[in-house]
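J.: Enclosed is the structure file protein.cif (mmCIF, C-alpha atoms).
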data_structure
loop_
_atom_site.group_PDB
_atom_site.id
_atom_site.type_symbol
_atom_site.label_atom_id
_atom_site.label_comp_id
_atom_site.auth_asym_id
_atom_site.auth_seq_id
_atom_site.Cartn_x
_atom_site.Cartn_y
_atom_site.Cartn_z
ATOM 1 C CA MET A 1 15.573 15.921 -9.840
ATOM 2 C CA ALA A 2 17.160 12.664 -8.688
ATOM 3 C CA GLU A 3 16.376 9.270 -10.177
ATOM 4 C CA ARG A 4 16.622 5.866 -8.441
ATOM 5 C CA LEU A 5 19.178 3.952 -10.505
ATOM 6 C CA PHE A 6 20.731 0.498 -10.471
ATOM 7 C CA PHE A 7 22.891 -1.704 -12.696
ATOM 8 C CA SER A 8 21.328 -5.015 -13.674
ATOM 9 C CA VAL A 9 21.477 -7.961 -16.032
ATOM 10 C CA PRO A 10 18.395 -8.270 -18.251
ATOM 11 C CA LEU A 11 16.821 -11.693 -18.743
ATOM 12 C CA SER A 12 16.177 -13.403 -22.033
ATOM 13 C CA ARG A 13 12.573 -14.124 -22.966
ATOM 14 C CA ILE A 14 13.253 -17.848 -22.451
ATOM 15 C CA SER A 15 14.511 -17.269 -18.892
ATOM 16 C CA GLN A 16 11.511 -15.033 -18.188
ATOM 17 C CA LEU A 17 9.103 -17.750 -19.341
ATOM 18 C CA GLU A 18 10.818 -20.351 -17.138
ATOM 19 C CA LEU A 19 10.527 -18.035 -14.139
ATOM 20 C CA ILE A 20 6.844 -17.349 -14.880
ATOM 21 C CA ARG A 21 6.260 -21.126 -14.848
ATOM 22 C CA LEU A 22 8.137 -21.349 -11.570
ATOM 23 C CA GLN A 23 5.995 -18.578 -10.069
ATOM 24 C CA ALA A 24 2.831 -20.440 -11.098
ATOM 25 C CA GLN A 25 4.093 -23.640 -9.440
ATOM 26 C CA LEU A 26 5.100 -21.784 -6.285
ATOM 27 C CA SER A 27 1.858 -19.848 -5.880
ATOM 28 C CA SER A 28 0.104 -22.830 -4.337
ATOM 29 C CA ASP A 29 3.153 -23.706 -2.200
ATOM 30 C CA LEU A 30 3.175 -20.181 -0.764
ATOM 31 C CA GLY A 31 -0.506 -20.391 0.115
ATOM 32 C CA GLY A 32 -1.302 -16.821 -0.848
ATOM 33 C CA HIS A 33 1.736 -15.340 0.893
ATOM 34 C CA GLY A 34 3.217 -12.495 -1.098
ATOM 35 C CA ARG A 35 2.686 -10.661 -4.371
ATOM 36 C CA VAL A 36 3.893 -11.951 -7.727
ATOM 37 C CA VAL A 37 6.621 -9.825 -9.301
ATOM 38 C CA PRO A 38 5.635 -9.029 -12.905
ATOM 39 C CA ALA A 39 7.907 -10.630 -15.522
ATOM 40 C CA ALA A 40 8.602 -7.148 -16.936
ATOM 41 C CA ASN A 41 10.387 -6.399 -13.636
ATOM 42 C CA PHE A 42 12.625 -9.495 -13.625
ATOM 43 C CA HIS A 43 16.294 -8.533 -13.456
ATOM 44 C CA LEU A 44 19.487 -9.539 -11.702
ATOM 45 C CA THR A 45 20.800 -6.541 -9.753
ATOM 46 C CA LEU A 46 24.546 -5.994 -9.861
ATOM 47 C CA ALA A 47 24.681 -2.697 -7.960
ATOM 48 C CA PHE A 48 21.968 -0.472 -6.501
ATOM 49 C CA LEU A 49 22.925 3.203 -6.656
ATOM 50 C CA GLY A 50 19.964 4.908 -5.002
ATOM 51 C CA ASN A 51 19.041 8.497 -5.812
ATOM 52 C CA VAL A 52 21.271 9.967 -8.524
ATOM 53 C CA THR A 53 21.175 13.544 -9.834
ATOM 54 C CA GLN A 54 21.424 14.336 -13.536
ATOM 55 C CA GLN A 55 24.988 15.598 -13.100
ATOM 56 C CA GLN A 56 25.985 12.439 -11.206
ATOM 57 C CA LYS A 57 24.341 10.292 -13.893
ATOM 58 C CA THR A 58 26.300 12.074 -16.639
ATOM 59 C CA GLN A 59 29.551 11.483 -14.734
ATOM 60 C CA LEU A 60 28.601 7.855 -14.040
ATOM 61 C CA LEU A 61 27.911 7.200 -17.731
ATOM 62 C CA ALA A 62 31.250 8.791 -18.658
ATOM 63 C CA ARG A 63 33.138 6.617 -16.144
ATOM 64 C CA TRP A 64 31.481 3.451 -17.424
ATOM 65 C CA ALA A 65 31.336 4.379 -21.137
ATOM 66 C CA GLU A 66 33.639 1.492 -22.050
ATOM 67 C CA MET A 67 32.192 -1.169 -19.750
ATOM 68 C CA THR A 68 33.143 -4.665 -20.829
ATOM 69 C CA VAL A 69 30.409 -7.172 -20.118
ATOM 70 C CA PRO A 70 31.732 -10.687 -19.537
ATOM 71 C CA GLU A 71 29.799 -13.413 -21.315
ATOM 72 C CA VAL A 72 29.025 -15.963 -18.624
ATOM 73 C CA SER A 73 26.385 -18.560 -17.944
ATOM 74 C CA LEU A 74 24.765 -19.368 -14.671
ATOM 75 C CA GLU A 75 21.898 -21.494 -13.446
ATOM 76 C CA LEU A 76 19.278 -20.291 -11.041
ATOM 77 C CA ASN A 77 19.142 -23.646 -9.293
ATOM 78 C CA ARG A 78 17.496 -23.035 -5.948
ATOM 79 C CA LEU A 79 14.934 -20.910 -4.156
ATOM 80 C CA ALA A 80 15.592 -18.667 -1.186
ATOM 81 C CA TYR A 81 13.320 -16.919 1.294
ATOM 82 C CA TRP A 82 14.743 -13.776 2.830
ATOM 83 C CA PRO A 83 12.422 -12.906 5.738
ATOM 84 C CA ARG A 84 13.859 -9.426 6.470
ATOM 85 C CA ALA A 85 13.242 -8.355 2.861
ATOM 86 C CA GLY A 86 10.044 -10.415 2.633
ATOM 87 C CA VAL A 87 11.001 -11.930 -0.717
ATOM 88 C CA VAL A 88 11.203 -15.319 -2.364
ATOM 89 C CA CYS A 89 13.753 -15.448 -5.131
ATOM 90 C CA ALA A 90 15.464 -17.800 -7.550
ATOM 91 C CA THR A 91 19.182 -17.855 -6.869
ATOM 92 C CA THR A 92 22.289 -19.914 -7.487
ATOM 93 C CA ASN A 93 24.887 -21.705 -5.439
ATOM 94 C CA ARG A 94 27.574 -21.053 -8.104
ATOM 95 C CA THR A 95 28.358 -17.443 -8.965
ATOM 96 C CA PRO A 96 30.661 -17.004 -11.969
ATOM 97 C CA MET A 97 33.789 -15.118 -10.875
ATOM 98 C CA ALA A 98 33.600 -12.679 -13.811
ATOM 99 C CA LEU A 99 30.057 -11.682 -12.802
ATOM 100 C CA ALA A 100 31.060 -11.273 -9.145
ATOM 101 C CA ASP A 101 34.042 -9.140 -10.224
ATOM 102 C CA LEU A 102 31.824 -6.843 -12.316
ATOM 103 C CA ALA A 103 29.301 -6.464 -9.484
ATOM 104 C CA HIS A 104 32.134 -5.680 -7.059
ATOM 105 C CA ALA A 105 33.609 -3.036 -9.409
ATOM 106 C CA LEU A 106 30.217 -1.358 -9.856
ATOM 107 C CA ARG A 107 29.536 -1.401 -6.114
ATOM 108 C CA ARG A 108 33.005 -0.047 -5.316
ATOM 109 C CA ASP A 109 32.486 2.780 -7.838
ATOM 110 C CA ALA A 110 29.107 3.569 -6.252
ATOM 111 C CA ALA A 111 30.654 3.778 -2.785
ATOM 112 C CA GLU A 112 33.568 5.915 -4.000
ATOM 113 C CA HIS A 113 31.157 8.428 -5.554
ATOM 114 C CA GLY A 114 28.743 8.744 -2.642
ATOM 115 C CA PHE A 115 25.980 6.447 -3.849
ATOM 116 C CA HIS A 116 24.308 3.635 -1.927
ATOM 117 C CA GLN A 117 26.748 1.224 -0.282
ATOM 118 C CA SER A 118 25.649 -2.376 -0.061
ATOM 119 C CA HIS A 119 27.132 -4.205 2.884
ATOM 120 C CA ALA A 120 25.630 -7.541 1.866
ATOM 121 C CA PRO A 121 27.723 -9.799 -0.340
ATOM 122 C CA PHE A 122 26.740 -10.069 -4.003
ATOM 123 C CA ARG A 123 24.238 -12.906 -4.430
ATOM 124 C CA PRO A 124 22.803 -13.268 -7.926
ATOM 125 C CA HIS A 125 19.037 -13.633 -7.637
ATOM 126 C CA ILE A 126 15.759 -12.843 -9.347
ATOM 127 C CA THR A 127 12.938 -11.781 -7.032
ATOM 128 C CA LEU A 128 9.767 -13.775 -7.755
ATOM 129 C CA PHE A 129 7.505 -12.730 -4.853
ATOM 130 C CA ARG A 130 7.450 -9.669 -2.577
ATOM 131 C CA GLY A 131 5.648 -9.112 0.707
ATOM 132 C CA VAL A 132 6.116 -12.694 1.834
ATOM 133 C CA GLY A 133 5.839 -12.980 5.579
ATOM 134 C CA GLY A 134 5.934 -15.844 8.017
ATOM 135 C CA LEU A 135 6.812 -18.591 5.566
ATOM 136 C CA LYS A 136 7.123 -21.736 7.681
ATOM 137 C CA GLU A 137 7.710 -24.503 5.160
ATOM 138 C CA GLU A 138 10.871 -25.164 3.229
ATOM 139 C CA LEU A 139 10.788 -24.190 -0.398
ATOM 140 C CA PRO A 140 10.810 -26.993 -2.963
ATOM 141 C CA GLU A 141 13.708 -28.003 -5.160
ATOM 142 C CA ILE A 142 13.484 -26.509 -8.631
ATOM 143 C CA LYS A 143 14.476 -27.353 -12.167
ATOM 144 C CA PRO A 144 17.466 -25.061 -12.923
ATOM 145 C CA VAL A 145 16.735 -21.973 -14.991
ATOM 146 C CA PRO A 146 19.691 -21.222 -17.288
ATOM 147 C CA MET A 147 20.813 -17.625 -17.814
ATOM 148 C CA THR A 148 23.401 -16.160 -20.108
ATOM 149 C CA VAL A 149 24.888 -12.814 -19.170
ATOM 150 C CA GLN A 150 25.720 -10.787 -22.268
ATOM 151 C CA GLU A 151 24.372 -7.356 -21.407
ATOM 152 C CA VAL A 152 24.162 -4.919 -18.522
ATOM 153 C CA ASP A 153 21.563 -2.177 -18.159
ATOM 154 C CA LEU A 154 21.610 0.997 -16.143
ATOM 155 C CA MET A 155 17.987 1.038 -14.987
ATOM 156 C CA VAL A 156 15.734 3.696 -13.528
ATOM 157 C CA SER A 157 13.004 2.799 -11.048
ATOM 158 C CA VAL A 158 9.800 4.777 -11.615
ATOM 159 C CA MET A 159 6.534 4.668 -9.686
ATOM 160 C CA GLY A 160 3.836 4.067 -12.288
ATOM 161 C CA PRO A 161 0.061 3.692 -12.027
ATOM 162 C CA LYS A 162 0.410 -0.075 -11.462
ATOM 163 C CA GLY A 163 3.375 0.123 -9.096
ATOM 164 C CA VAL A 164 7.122 0.229 -9.656
ATOM 165 C CA GLU A 165 8.342 0.031 -13.248
ATOM 166 C CA TYR A 166 11.915 -0.324 -14.455
ATOM 167 C CA HIS A 167 13.224 1.303 -17.623
ATOM 168 C CA SER A 168 16.624 1.034 -19.283
ATOM 169 C CA VAL A 169 18.696 4.221 -19.376
ATOM 170 C CA LYS A 170 21.709 2.659 -21.129
ATOM 171 C CA ARG A 171 22.697 -0.835 -22.226
ATOM 172 C CA TRP A 172 26.193 -2.285 -22.612
ATOM 173 C CA GLY A 173 27.075 -5.545 -24.338
ATOM 174 C CA ARG A 174 25.722 -7.178 -27.444
#
I'd like the structure from this file rewritten - as structure tokens, please.

T.:
Amino acid sequence: MAERLFFSVPLSRISQLELIRLQAQLSSDLGGHGRVVPAANFHLTLAFLGNVTQQQKTQLLARWAEMTVPEVSLELNRLAYWPRAGVVCATTNRTPMALADLAHALRRDAAEHGFHQSHAPFRPHITLFRGVGGLKEELPEIKPVPMTVQEVDLMVSVMGPKGVEYHSVKRWGR
């Protein structure tokens, strides 16, 4: 049976709390548009793999057994609304090169081994709201939310009783 897998950067509890505060502030600005993403689902996706069989997962874990996670800092310093995806997210206008390089390597590996191929450029972001449609107003400026990248998770996406849940399969880094 295949599992939906992706590589992501987990958030510290401090970053999660800052994003929860930001969601609360934005709720009134969005005027009821969209659904709040639960803090337990906050993550920064590096590479989405799609459906992966057990054999493919074993091979993937062997290829990436010695993954080196760069320690970098970034600030989520602006909001973005992506109408096609129907999401509002916290993002950055400065992507650390080491993080972009890791995301590119993971995405290239995915493409070379028949997994999902993302044609969009890597844009670090944390989705805050889903199902947002027809947003007319500009989003407000925000106080930057600092993030430190020290770990990478291989995550599985599972449909649970309350919606999608994400669980770590393997963690690299500290």

J.: Ranking A:Glu151, A:Tyr81, A:Val164, A:Gly86 by minimum distance to A:Leu99 and counting all atoms listed in the file, which one comes first?

T.: A:Glu151

J.: Of the candidates A:Leu61, A:Ile126, A:Val36, A:Met1, which one gets nearest to A:Leu106 if we count all atoms listed in the file?

T.: A:Leu61

J.: Tell me, in Å to one decimal, how far atom CA of A:Pro144 is from atom CA of A:Leu76.

T.: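 Interatomic distance, atom CA of A:Pro144 to atom CA of A:Leu76: 5.4 Å.
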
J.: Of the residues A:Leu102, A:Leu11, A:Leu154, A:Leu128, which is the one nearest to A:Arg171, using all atoms listed in the file?

T.: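 Of the candidates, the smallest distance to A:Arg171 is held by A:Leu154.
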
J.: Nearest to A:Ala2: which of A:Ala80, A:Ala105, A:Val158, A:Ala120 is it, counting all atoms listed in the file?

T.: A:Val158

J.: Rank nothing, just name the residue among A:Phe48, A:Phe129, A:Trp64, A:Phe6 nearest to A:Leu22, using only C-alpha atoms.

T.: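 Ranking A:Phe48, A:Phe129, A:Trp64, A:Phe6 by distance to A:Leu22, first place goes to A:Phe129.
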
J.: Residues at most 10 Å from A:Gly114, counting only C-alpha atoms, excluding those fewer than 4 positions away in the same chain, as a ChimeraX atom specification?

T.: /A:49-50,52,56,109-110

J.: With C-alpha atoms retained, export the selected residues as a PDB file, in the coordinates of the input.

T.:
ATOM      1  CA  LEU A  49      22.925   3.203  -6.656  1.00  0.00           C
ATOM      2  CA  GLY A  50      19.964   4.908  -5.002  1.00  0.00           C
ATOM      3  CA  VAL A  52      21.271   9.967  -8.524  1.00  0.00           C
ATOM      4  CA  GLN A  56      25.985  12.439 -11.206  1.00  0.00           C
ATOM      5  CA  ASP A 109      32.486   2.780  -7.838  1.00  0.00           C
ATOM      6  CA  ALA A 110      29.107   3.569  -6.252  1.00  0.00           C
TER       7      ALA A 110
END

J.: What residues come out when you apply the PyMOL selection byres ((chain A and resi 136) around 12) to this file, written as number ranges by chain?

T.: A: 29-31, 33, 81, 83, 132-135, 137-139
